[in-house]
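Heads up, structure_8.txt below (compact mmCIF, N, CA and C atoms):
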```txt
# COMPACT_ATOMS: atom_id res chain seq x y z
N MET A 262 -10.87 24.97 58.74
CA MET A 262 -10.63 26.39 58.71
C MET A 262 -10.29 26.85 60.14
N LYS A 263 -9.25 27.65 60.28
CA LYS A 263 -8.87 28.18 61.58
C LYS A 263 -9.93 29.18 62.05
N GLU A 264 -9.98 29.37 63.35
CA GLU A 264 -11.00 30.24 63.92
C GLU A 264 -10.86 31.69 63.45
N ILE A 265 -9.63 32.19 63.35
CA ILE A 265 -9.44 33.56 62.89
C ILE A 265 -9.89 33.70 61.43
N GLU A 266 -9.69 32.65 60.65
CA GLU A 266 -10.16 32.65 59.26
C GLU A 266 -11.68 32.67 59.21
N LYS A 267 -12.32 31.99 60.17
CA LYS A 267 -13.77 32.01 60.25
C LYS A 267 -14.28 33.42 60.52
N LEU A 268 -13.57 34.16 61.37
CA LEU A 268 -13.97 35.55 61.65
C LEU A 268 -13.87 36.42 60.40
N TRP A 269 -12.78 36.26 59.65
CA TRP A 269 -12.63 37.03 58.41
C TRP A 269 -13.69 36.64 57.39
N TRP A 270 -13.98 35.33 57.33
CA TRP A 270 -15.03 34.87 56.41
C TRP A 270 -16.37 35.48 56.83
N ALA A 271 -16.66 35.49 58.14
CA ALA A 271 -17.91 36.07 58.65
C ALA A 271 -18.00 37.55 58.28
N LYS A 272 -16.90 38.27 58.43
CA LYS A 272 -16.88 39.70 58.09
C LYS A 272 -17.25 39.90 56.61
N ARG A 273 -16.59 39.15 55.73
CA ARG A 273 -16.88 39.27 54.30
C ARG A 273 -18.32 38.87 53.99
N ARG A 274 -18.79 37.80 54.61
CA ARG A 274 -20.14 37.30 54.35
C ARG A 274 -21.21 38.29 54.79
N ILE A 275 -20.99 38.94 55.93
CA ILE A 275 -21.94 39.96 56.41
C ILE A 275 -22.05 41.09 55.39
N GLU A 276 -20.91 41.55 54.90
CA GLU A 276 -20.91 42.64 53.92
C GLU A 276 -21.57 42.21 52.61
N GLU A 277 -21.28 41.00 52.16
CA GLU A 277 -21.87 40.49 50.92
C GLU A 277 -23.39 40.35 51.05
N ALA A 278 -23.82 39.72 52.13
CA ALA A 278 -25.24 39.42 52.31
C ALA A 278 -26.09 40.67 52.50
N THR A 279 -25.47 41.76 52.96
CA THR A 279 -26.23 42.99 53.20
C THR A 279 -25.88 44.08 52.19
N ASP A 280 -25.20 43.72 51.14
CA ASP A 280 -24.76 44.69 50.11
C ASP A 280 -23.98 45.85 50.74
N GLY A 281 -23.17 45.53 51.75
CA GLY A 281 -22.33 46.53 52.39
C GLY A 281 -23.06 47.45 53.36
N ARG A 282 -24.34 47.21 53.57
CA ARG A 282 -25.12 48.08 54.46
C ARG A 282 -24.90 47.74 55.93
N GLN A 283 -24.27 46.59 56.19
CA GLN A 283 -23.90 46.21 57.55
C GLN A 283 -22.47 45.68 57.48
N ARG A 284 -21.66 46.14 58.47
CA ARG A 284 -20.24 45.81 58.44
C ARG A 284 -19.74 45.49 59.85
N LEU A 285 -18.86 44.50 59.93
CA LEU A 285 -18.23 44.16 61.19
C LEU A 285 -17.11 45.17 61.44
N ILE A 286 -17.17 45.84 62.59
CA ILE A 286 -16.17 46.86 62.93
C ILE A 286 -15.79 46.73 64.40
N MET A 287 -14.78 47.49 64.79
CA MET A 287 -14.44 47.60 66.20
C MET A 287 -15.27 48.75 66.76
N GLY A 288 -16.03 48.45 67.78
CA GLY A 288 -16.88 49.45 68.40
C GLY A 288 -16.22 50.07 69.61
N PHE A 289 -16.99 50.80 70.38
CA PHE A 289 -16.49 51.42 71.59
C PHE A 289 -16.06 50.36 72.59
N GLY A 290 -15.01 50.63 73.33
CA GLY A 290 -14.53 49.69 74.33
C GLY A 290 -13.79 48.50 73.74
N GLY A 291 -13.46 48.55 72.45
CA GLY A 291 -12.70 47.48 71.84
C GLY A 291 -13.51 46.22 71.56
N ASN A 292 -14.82 46.35 71.47
CA ASN A 292 -15.68 45.21 71.19
C ASN A 292 -16.02 45.15 69.71
N ILE A 293 -16.06 43.94 69.18
CA ILE A 293 -16.50 43.75 67.79
C ILE A 293 -18.00 44.00 67.76
N THR A 294 -18.44 44.76 66.77
CA THR A 294 -19.86 45.07 66.63
C THR A 294 -20.21 45.18 65.16
N VAL A 295 -21.48 45.30 64.87
CA VAL A 295 -21.94 45.46 63.50
C VAL A 295 -22.42 46.91 63.32
N GLN A 296 -21.83 47.59 62.35
CA GLN A 296 -22.28 48.93 62.00
C GLN A 296 -23.40 48.77 60.97
N VAL A 297 -24.55 49.39 61.26
CA VAL A 297 -25.74 49.21 60.44
C VAL A 297 -26.14 50.54 59.82
N ASP A 298 -26.31 50.57 58.50
CA ASP A 298 -26.79 51.79 57.84
C ASP A 298 -28.20 52.12 58.29
N LYS A 299 -28.53 53.38 58.23
CA LYS A 299 -29.80 53.88 58.73
C LYS A 299 -31.01 53.23 58.07
N GLY A 300 -30.95 52.90 56.81
CA GLY A 300 -32.11 52.40 56.09
C GLY A 300 -32.44 50.93 56.29
N CYS A 301 -31.66 50.22 57.08
CA CYS A 301 -31.90 48.78 57.28
C CYS A 301 -33.08 48.57 58.23
N LEU A 302 -34.01 47.73 57.83
CA LEU A 302 -35.15 47.40 58.68
C LEU A 302 -34.80 46.25 59.64
N VAL A 303 -33.87 45.40 59.22
CA VAL A 303 -33.45 44.25 59.99
C VAL A 303 -31.94 44.33 60.14
N ALA A 304 -31.43 43.96 61.31
CA ALA A 304 -30.00 44.08 61.54
C ALA A 304 -29.45 42.83 62.21
N LEU A 305 -28.13 42.75 62.21
CA LEU A 305 -27.42 41.63 62.78
C LEU A 305 -26.78 42.04 64.09
N TYR A 306 -26.92 41.18 65.09
CA TYR A 306 -26.20 41.33 66.36
C TYR A 306 -25.08 40.30 66.33
N PHE A 307 -23.85 40.73 66.59
CA PHE A 307 -22.68 39.86 66.53
C PHE A 307 -21.77 40.24 67.69
N ALA A 308 -21.51 39.31 68.58
CA ALA A 308 -20.64 39.60 69.72
C ALA A 308 -19.79 38.38 70.03
N MET A 309 -18.60 38.66 70.54
CA MET A 309 -17.73 37.60 71.02
C MET A 309 -17.85 37.56 72.53
N VAL A 310 -18.32 36.43 73.06
CA VAL A 310 -18.63 36.29 74.48
C VAL A 310 -17.64 35.30 75.10
N LYS A 311 -17.07 35.70 76.24
CA LYS A 311 -16.09 34.85 76.91
C LYS A 311 -16.77 33.82 77.80
N ASN A 312 -16.36 32.56 77.63
CA ASN A 312 -16.83 31.47 78.48
C ASN A 312 -15.98 31.49 79.75
N ARG A 313 -16.60 31.67 80.88
CA ARG A 313 -15.87 31.80 82.15
C ARG A 313 -15.10 30.54 82.52
N GLN A 314 -15.60 29.40 82.15
CA GLN A 314 -14.94 28.14 82.51
C GLN A 314 -13.74 27.83 81.63
N SER A 315 -13.92 27.97 80.31
CA SER A 315 -12.84 27.59 79.39
C SER A 315 -11.91 28.75 79.05
N GLY A 316 -12.39 29.99 79.22
CA GLY A 316 -11.59 31.16 78.84
C GLY A 316 -11.63 31.45 77.35
N MET A 317 -12.33 30.61 76.60
CA MET A 317 -12.46 30.79 75.15
C MET A 317 -13.60 31.77 74.86
N PHE A 318 -13.54 32.38 73.68
CA PHE A 318 -14.60 33.28 73.24
C PHE A 318 -15.43 32.58 72.17
N HIS A 319 -16.74 32.66 72.30
CA HIS A 319 -17.60 32.09 71.26
C HIS A 319 -18.43 33.22 70.66
N CYS A 320 -18.87 32.99 69.46
CA CYS A 320 -19.63 33.99 68.71
C CYS A 320 -21.11 33.86 69.03
N ASP A 321 -21.69 34.97 69.46
CA ASP A 321 -23.14 35.05 69.69
C ASP A 321 -23.70 35.90 68.55
N VAL A 322 -24.53 35.30 67.74
CA VAL A 322 -25.07 36.00 66.57
C VAL A 322 -26.58 35.84 66.53
N LYS A 323 -27.24 36.96 66.27
CA LYS A 323 -28.70 36.97 66.20
C LYS A 323 -29.13 38.06 65.22
N GLY A 324 -30.35 37.95 64.75
CA GLY A 324 -30.93 39.00 63.93
C GLY A 324 -32.01 39.70 64.73
N TYR A 325 -32.27 40.94 64.40
CA TYR A 325 -33.34 41.66 65.09
C TYR A 325 -33.99 42.67 64.15
N VAL A 326 -35.24 42.95 64.44
CA VAL A 326 -35.98 43.95 63.68
C VAL A 326 -35.73 45.29 64.35
N ARG A 327 -35.30 46.26 63.55
CA ARG A 327 -35.07 47.59 64.09
C ARG A 327 -36.41 48.27 64.29
N THR A 328 -36.41 49.44 64.87
CA THR A 328 -37.66 50.14 65.17
C THR A 328 -38.58 50.09 63.96
N PHE A 329 -39.74 49.48 64.17
CA PHE A 329 -40.67 49.29 63.06
C PHE A 329 -42.07 49.24 63.65
N SER A 330 -42.70 50.36 63.72
CA SER A 330 -44.05 50.38 64.29
C SER A 330 -44.98 51.16 63.38
N GLY A 331 -46.25 51.04 63.65
CA GLY A 331 -47.24 51.74 62.85
C GLY A 331 -47.69 50.92 61.67
N TYR A 332 -48.60 51.48 60.94
CA TYR A 332 -49.15 50.81 59.77
C TYR A 332 -48.24 51.02 58.57
N ARG A 333 -48.09 49.99 57.77
CA ARG A 333 -47.22 50.05 56.58
C ARG A 333 -47.96 49.51 55.37
N ASN A 334 -47.60 50.03 54.20
CA ASN A 334 -48.21 49.54 52.97
C ASN A 334 -47.54 48.24 52.53
N GLY A 335 -48.08 47.63 51.50
CA GLY A 335 -47.59 46.34 51.03
C GLY A 335 -46.15 46.37 50.57
N VAL A 336 -45.73 47.45 49.93
CA VAL A 336 -44.35 47.55 49.44
C VAL A 336 -43.37 47.51 50.62
N CYS A 337 -43.67 48.26 51.65
CA CYS A 337 -42.80 48.28 52.83
C CYS A 337 -42.79 46.92 53.52
N LEU A 338 -43.95 46.28 53.61
CA LEU A 338 -44.01 44.96 54.23
C LEU A 338 -43.26 43.92 53.41
N ASP A 339 -43.32 44.04 52.08
CA ASP A 339 -42.54 43.14 51.21
C ASP A 339 -41.05 43.32 51.47
N ARG A 340 -40.62 44.56 51.60
CA ARG A 340 -39.20 44.86 51.87
C ARG A 340 -38.79 44.27 53.22
N LEU A 341 -39.64 44.43 54.23
CA LEU A 341 -39.35 43.87 55.55
C LEU A 341 -39.24 42.35 55.47
N THR A 342 -40.16 41.73 54.77
CA THR A 342 -40.15 40.27 54.62
C THR A 342 -38.87 39.80 53.94
N ALA A 343 -38.46 40.49 52.88
CA ALA A 343 -37.24 40.12 52.16
C ALA A 343 -36.02 40.26 53.06
N GLU A 344 -35.95 41.36 53.82
CA GLU A 344 -34.82 41.56 54.71
C GLU A 344 -34.80 40.51 55.83
N LEU A 345 -35.97 40.17 56.35
CA LEU A 345 -36.06 39.14 57.40
C LEU A 345 -35.58 37.78 56.88
N GLU A 346 -36.01 37.42 55.67
CA GLU A 346 -35.60 36.15 55.09
C GLU A 346 -34.09 36.11 54.88
N ALA A 347 -33.53 37.20 54.35
CA ALA A 347 -32.08 37.26 54.12
C ALA A 347 -31.32 37.20 55.44
N MET A 348 -31.83 37.89 56.47
CA MET A 348 -31.15 37.89 57.76
C MET A 348 -31.22 36.51 58.41
N ALA A 349 -32.35 35.85 58.29
CA ALA A 349 -32.48 34.50 58.85
C ALA A 349 -31.46 33.56 58.22
N SER A 350 -31.29 33.66 56.93
CA SER A 350 -30.32 32.83 56.22
C SER A 350 -28.89 33.15 56.68
N LEU A 351 -28.57 34.43 56.82
CA LEU A 351 -27.24 34.85 57.24
C LEU A 351 -26.95 34.38 58.67
N VAL A 352 -27.90 34.55 59.57
CA VAL A 352 -27.71 34.12 60.96
C VAL A 352 -27.44 32.62 61.01
N LYS A 353 -28.18 31.83 60.24
CA LYS A 353 -27.96 30.38 60.22
C LYS A 353 -26.56 30.04 59.71
N GLU A 354 -26.11 30.74 58.66
CA GLU A 354 -24.76 30.53 58.14
C GLU A 354 -23.71 30.80 59.21
N LEU A 355 -23.86 31.93 59.90
CA LEU A 355 -22.88 32.32 60.90
C LEU A 355 -22.93 31.41 62.13
N GLU A 356 -24.12 30.97 62.50
CA GLU A 356 -24.24 30.02 63.61
C GLU A 356 -23.53 28.71 63.28
N HIS A 357 -23.66 28.30 62.04
CA HIS A 357 -23.06 27.04 61.58
C HIS A 357 -21.53 27.06 61.68
N LEU A 358 -20.93 28.24 61.64
CA LEU A 358 -19.47 28.35 61.75
C LEU A 358 -18.96 27.89 63.12
N GLU A 359 -19.80 28.06 64.15
CA GLU A 359 -19.44 27.68 65.52
C GLU A 359 -18.06 28.24 65.89
N ILE A 360 -17.91 29.55 65.80
CA ILE A 360 -16.64 30.19 66.11
C ILE A 360 -16.38 30.11 67.61
N CYS A 361 -15.24 29.54 67.96
CA CYS A 361 -14.79 29.44 69.35
C CYS A 361 -13.28 29.68 69.31
N ILE A 362 -12.83 30.80 69.86
CA ILE A 362 -11.47 31.27 69.63
C ILE A 362 -10.79 31.65 70.94
N GLU A 363 -9.48 31.47 70.98
CA GLU A 363 -8.70 31.87 72.14
C GLU A 363 -8.53 33.39 72.14
N GLU A 364 -8.31 33.94 73.32
CA GLU A 364 -8.21 35.40 73.46
C GLU A 364 -7.09 36.00 72.62
N GLU A 365 -5.95 35.35 72.58
CA GLU A 365 -4.82 35.87 71.82
C GLU A 365 -5.14 35.97 70.33
N GLU A 366 -5.79 34.94 69.81
CA GLU A 366 -6.18 34.94 68.40
C GLU A 366 -7.24 36.00 68.13
N LEU A 367 -8.17 36.17 69.06
CA LEU A 367 -9.20 37.20 68.92
C LEU A 367 -8.58 38.59 68.92
N LEU A 368 -7.60 38.82 69.79
CA LEU A 368 -6.92 40.12 69.83
C LEU A 368 -6.18 40.38 68.53
N THR A 369 -5.59 39.35 67.95
CA THR A 369 -4.92 39.49 66.65
C THR A 369 -5.93 39.93 65.59
N PHE A 370 -7.09 39.28 65.57
CA PHE A 370 -8.14 39.66 64.63
C PHE A 370 -8.55 41.12 64.84
N CYS A 371 -8.74 41.51 66.10
CA CYS A 371 -9.17 42.88 66.41
C CYS A 371 -8.15 43.91 65.94
N HIS A 372 -6.86 43.64 66.17
CA HIS A 372 -5.81 44.57 65.73
C HIS A 372 -5.79 44.68 64.21
N GLU A 373 -5.95 43.55 63.52
CA GLU A 373 -5.97 43.57 62.06
C GLU A 373 -7.20 44.30 61.54
N LEU A 374 -8.33 44.13 62.22
CA LEU A 374 -9.56 44.81 61.83
C LEU A 374 -9.40 46.33 61.98
N ILE A 375 -8.81 46.76 63.07
CA ILE A 375 -8.55 48.19 63.29
C ILE A 375 -7.63 48.73 62.21
N SER A 376 -6.58 48.00 61.88
CA SER A 376 -5.65 48.43 60.82
C SER A 376 -6.38 48.56 59.49
N GLN A 377 -7.25 47.60 59.20
CA GLN A 377 -8.02 47.64 57.96
C GLN A 377 -8.93 48.86 57.92
N GLU A 378 -9.57 49.15 59.04
CA GLU A 378 -10.46 50.32 59.12
C GLU A 378 -9.66 51.60 58.92
N LEU A 379 -8.50 51.71 59.56
CA LEU A 379 -7.67 52.91 59.42
C LEU A 379 -7.17 53.07 57.99
N ASP A 380 -6.80 51.96 57.34
CA ASP A 380 -6.37 52.02 55.94
C ASP A 380 -7.51 52.51 55.06
N GLY A 381 -8.73 52.07 55.33
CA GLY A 381 -9.90 52.50 54.56
C GLY A 381 -10.17 53.99 54.73
N GLU A 382 -9.98 54.51 55.93
CA GLU A 382 -10.18 55.94 56.17
C GLU A 382 -9.15 56.78 55.45
N VAL A 383 -7.90 56.31 55.44
CA VAL A 383 -6.81 57.02 54.74
C VAL A 383 -7.12 57.06 53.25
N GLN A 384 -7.60 55.96 52.68
CA GLN A 384 -7.91 55.90 51.26
C GLN A 384 -9.05 56.86 50.93
N LYS A 385 -10.06 56.97 51.79
CA LYS A 385 -11.17 57.89 51.56
C LYS A 385 -10.69 59.34 51.54
N GLU A 386 -9.76 59.67 52.43
CA GLU A 386 -9.23 61.04 52.50
C GLU A 386 -8.42 61.38 51.26
N GLU A 387 -7.74 60.40 50.68
CA GLU A 387 -6.88 60.63 49.52
C GLU A 387 -7.66 60.74 48.22
N GLU A 388 -8.90 60.26 48.19
CA GLU A 388 -9.70 60.32 46.95
C GLU A 388 -10.08 61.77 46.66
N PRO A 389 -10.08 62.11 45.34
CA PRO A 389 -10.40 63.51 44.96
C PRO A 389 -11.83 63.88 45.22
```
Represent the structure from my file as structure tokens, please.
Amino acid sequence: MKEIEKLWWAKRRIEEATDGRQRLIMGFGGNITVQVDKGCLVALYFAMVKNRQSGMFHCDVKGYVRTFSGYRNGVCLDRLTAELEAMASLVKELEHLEICIEEEELLTFCHELISQELDGEVQKEEEP
């Protein structure tokens, strides 16, 4: 699988694994980031980091617990546990991809991602 295809696969997999509550988007400054819905207890960190020696970009992916303090009942703790287990599985899947991509290919992905986002916004505006 080509590296750009791995990025598209990762984007789809993130949305599938989180039921659309987390999405790969273009963030501020032209960086790929994960948009996380407010109700998520656990979230994904996804960044493309440039290797200074090779000039290639590799994917840095991690999971993290969002603000979660204080005492919680069993139902909330069960939900947290389920989200943690799902995130651990997703992070392992994405790590296994070992995405390492050239800058030109990454820029192509970013431009296509922006176009996809803009197309989605236009469709939302057109809906009754």
Selected residue, from A:Leu268, A:Leu302, A:Met309, A:Ala278, that lies nearest to Ala347 (chain A) when counting all atoms listed in the file: A:Ala278
Counting all atoms listed in the file, what is within 8 Å of region 329-340 of chain A, bar same-chain residues fewer than 4 positions away, as an NGL selection string? :A and (302-303 or 344-346)
One decimal place gives the CA of Cys320 (chain A)-CA of Leu358 (chain A) separation as 9.0 Å
List the neighbours of Tyr306 (chain A) out to 6 Å using all atoms listed in the file; skip same-chain residues closer than 5 positions along the sequence, and give me the result as a list in words.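 So, after excluding close chain neighbours, the residues are Asp321, Val322, Lys323, Gly324 and Tyr325 of chain A.
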Residues within 12 Å of Lys311 (chain A), only C-alpha atoms, excluding chain neighbours under 4 positions, as a PyMOL selection string: chain A and resi 292+315-321+360-364+367
Selection export as a JSON list (two decimals), in the coordinates of the input, atoms kept: N, CA and C atoms:
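Written out: result35.json:
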```
[["chain", "number", "residue", "atom", "x", "y", "z"],
["A", 292, "ASN", "N", -14.82, 46.35, 71.47],
["A", 292, "ASN", "CA", -15.68, 45.21, 71.19],
["A", 292, "ASN", "C", -16.02, 45.15, 69.71],
["A", 315, "SER", "N", -13.92, 27.97, 80.31],
["A", 315, "SER", "CA", -12.84, 27.59, 79.39],
["A", 315, "SER", "C", -11.91, 28.75, 79.05],
["A", 316, "GLY", "N", -12.39, 29.99, 79.22],
["A", 316, "GLY", "CA", -11.59, 31.16, 78.84],
["A", 316, "GLY", "C", -11.63, 31.45, 77.35],
["A", 317, "MET", "N", -12.33, 30.61, 76.60],
["A", 317, "MET", "CA", -12.46, 30.79, 75.15],
["A", 317, "MET", "C", -13.60, 31.77, 74.86],
["A", 318, "PHE", "N", -13.54, 32.38, 73.68],
["A", 318, "PHE", "CA", -14.60, 33.28, 73.24],
["A", 318, "PHE", "C", -15.43, 32.58, 72.17],
["A", 319, "HIS", "N", -16.74, 32.66, 72.30],
["A", 319, "HIS", "CA", -17.60, 32.09, 71.26],
["A", 319, "HIS", "C", -18.43, 33.22, 70.66],
["A", 320, "CYS", "N", -18.87, 32.99, 69.46],
["A", 320, "CYS", "CA", -19.63, 33.99, 68.71],
["A", 320, "CYS", "C", -21.11, 33.86, 69.03],
["A", 321, "ASP", "N", -21.69, 34.97, 69.46],
["A", 321, "ASP", "CA", -23.14, 35.05, 69.69],
["A", 321, "ASP", "C", -23.70, 35.90, 68.55],
["A", 360, "ILE", "N", -17.91, 29.55, 65.80],
["A", 360, "ILE", "CA", -16.64, 30.19, 66.11],
["A", 360, "ILE", "C", -16.38, 30.11, 67.61],
["A", 361, "CYS", "N", -15.24, 29.54, 67.96],
["A", 361, "CYS", "CA", -14.79, 29.44, 69.35],
["A", 361, "CYS", "C", -13.28, 29.68, 69.31],
["A", 362, "ILE", "N", -12.83, 30.80, 69.86],
["A", 362, "ILE", "CA", -11.47, 31.27, 69.63],
["A", 362, "ILE", "C", -10.79, 31.65, 70.94],
["A", 363, "GLU", "N", -9.48, 31.47, 70.98],
["A", 363, "GLU", "CA", -8.70, 31.87, 72.14],
["A", 363, "GLU", "C", -8.53, 33.39, 72.14],
["A", 364, "GLU", "N", -8.31, 33.94, 73.32],
["A", 364, "GLU", "CA", -8.21, 35.40, 73.46],
["A", 364, "GLU", "C", -7.09, 36.00, 72.62],
["A", 367, "LEU", "N", -8.17, 36.17, 69.06],
["A", 367, "LEU", "CA", -9.20, 37.20, 68.92],
["A", 367, "LEU", "C", -8.58, 38.59, 68.92]]
```
Find the residues near region 281-283 of chain A: any atom within 7 Å, counting only N, CA and C atoms, skip ones fewer than 2 places away on the same chain, and give them as a VMD selection string. chain A and resid 275 to 279 285 295 to 298
Would you mind exporting N, CA and C atoms of the selected residues as a CSV table (one decimal), in the frame of the given file?
```csv
chain,number,residue,atom,x,y,z
A,275,ILE,N,-21.0,38.9,55.9
A,275,ILE,CA,-21.9,40.0,56.4
A,275,ILE,C,-22.0,41.1,55.4
A,276,GLU,N,-20.9,41.6,54.9
A,276,GLU,CA,-20.9,42.6,53.9
A,276,GLU,C,-21.6,42.2,52.6
A,277,GLU,N,-21.3,41.0,52.2
A,277,GLU,CA,-21.9,40.5,50.9
A,277,GLU,C,-23.4,40.4,51.0
A,278,ALA,N,-23.8,39.7,52.1
A,278,ALA,CA,-25.2,39.4,52.3
A,278,ALA,C,-26.1,40.7,52.5
A,279,THR,N,-25.5,41.8,53.0
A,279,THR,CA,-26.2,43.0,53.2
A,279,THR,C,-25.9,44.1,52.2
A,285,LEU,N,-18.9,44.5,59.9
A,285,LEU,CA,-18.2,44.2,61.2
A,285,LEU,C,-17.1,45.2,61.4
A,295,VAL,N,-21.5,45.3,64.9
A,295,VAL,CA,-21.9,45.5,63.5
A,295,VAL,C,-22.4,46.9,63.3
A,296,GLN,N,-21.8,47.6,62.4
A,296,GLN,CA,-22.3,48.9,62.0
A,296,GLN,C,-23.4,48.8,61.0
A,297,VAL,N,-24.6,49.4,61.3
A,297,VAL,CA,-25.7,49.2,60.4
A,297,VAL,C,-26.1,50.5,59.8
A,298,ASP,N,-26.3,50.6,58.5
A,298,ASP,CA,-26.8,51.8,57.8
A,298,ASP,C,-28.2,52.1,58.3
```
All heavy atoms restored at region 343-350 of chain A, emitted as a compact mmCIF listing (two decimals), keeping the file's coordinate frame:
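To be explicit, this is the file written out as rebuild-v6.txt:
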```txt
# COMPACT_ATOMS: atom_id res chain seq x y z
N ALA A 343 -38.46 40.49 52.88
CA ALA A 343 -37.24 40.12 52.16
C ALA A 343 -36.02 40.26 53.06
O ALA A 343 -35.14 39.38 53.09
CB ALA A 343 -37.09 40.97 50.91
N GLU A 344 -35.95 41.36 53.82
CA GLU A 344 -34.82 41.56 54.71
C GLU A 344 -34.80 40.51 55.83
O GLU A 344 -33.74 40.02 56.22
CB GLU A 344 -34.82 42.97 55.31
CG GLU A 344 -34.37 44.03 54.33
CD GLU A 344 -34.12 45.39 54.99
OE1 GLU A 344 -33.60 45.43 56.12
OE2 GLU A 344 -34.43 46.42 54.36
N LEU A 345 -35.97 40.17 56.35
CA LEU A 345 -36.06 39.14 57.40
C LEU A 345 -35.58 37.78 56.88
O LEU A 345 -34.84 37.07 57.55
CB LEU A 345 -37.48 39.02 57.93
CG LEU A 345 -37.92 40.08 58.93
CD1 LEU A 345 -39.43 40.02 59.15
CD2 LEU A 345 -37.17 39.92 60.24
N GLU A 346 -36.01 37.42 55.67
CA GLU A 346 -35.60 36.15 55.09
C GLU A 346 -34.09 36.11 54.88
O GLU A 346 -33.43 35.11 55.19
CB GLU A 346 -36.32 35.91 53.77
CG GLU A 346 -37.79 35.56 53.94
CD GLU A 346 -38.53 35.45 52.62
OE1 GLU A 346 -37.97 35.81 51.55
OE2 GLU A 346 -39.68 34.99 52.65
N ALA A 347 -33.53 37.20 54.35
CA ALA A 347 -32.08 37.26 54.12
C ALA A 347 -31.32 37.20 55.44
O ALA A 347 -30.29 36.51 55.55
CB ALA A 347 -31.72 38.54 53.35
N MET A 348 -31.83 37.89 56.47
CA MET A 348 -31.15 37.89 57.76
C MET A 348 -31.22 36.51 58.41
O MET A 348 -30.25 36.05 59.00
CB MET A 348 -31.75 38.95 58.68
CG MET A 348 -30.99 39.14 59.98
SD MET A 348 -29.23 39.57 59.77
CE MET A 348 -29.33 41.11 58.86
N ALA A 349 -32.35 35.85 58.29
CA ALA A 349 -32.48 34.50 58.85
C ALA A 349 -31.46 33.56 58.22
O ALA A 349 -30.80 32.77 58.92
CB ALA A 349 -33.90 33.96 58.64
N SER A 350 -31.29 33.66 56.93
CA SER A 350 -30.32 32.83 56.22
C SER A 350 -28.89 33.15 56.68
O SER A 350 -28.09 32.24 56.93
CB SER A 350 -30.46 33.06 54.72
OG SER A 350 -29.51 32.32 54.01
```
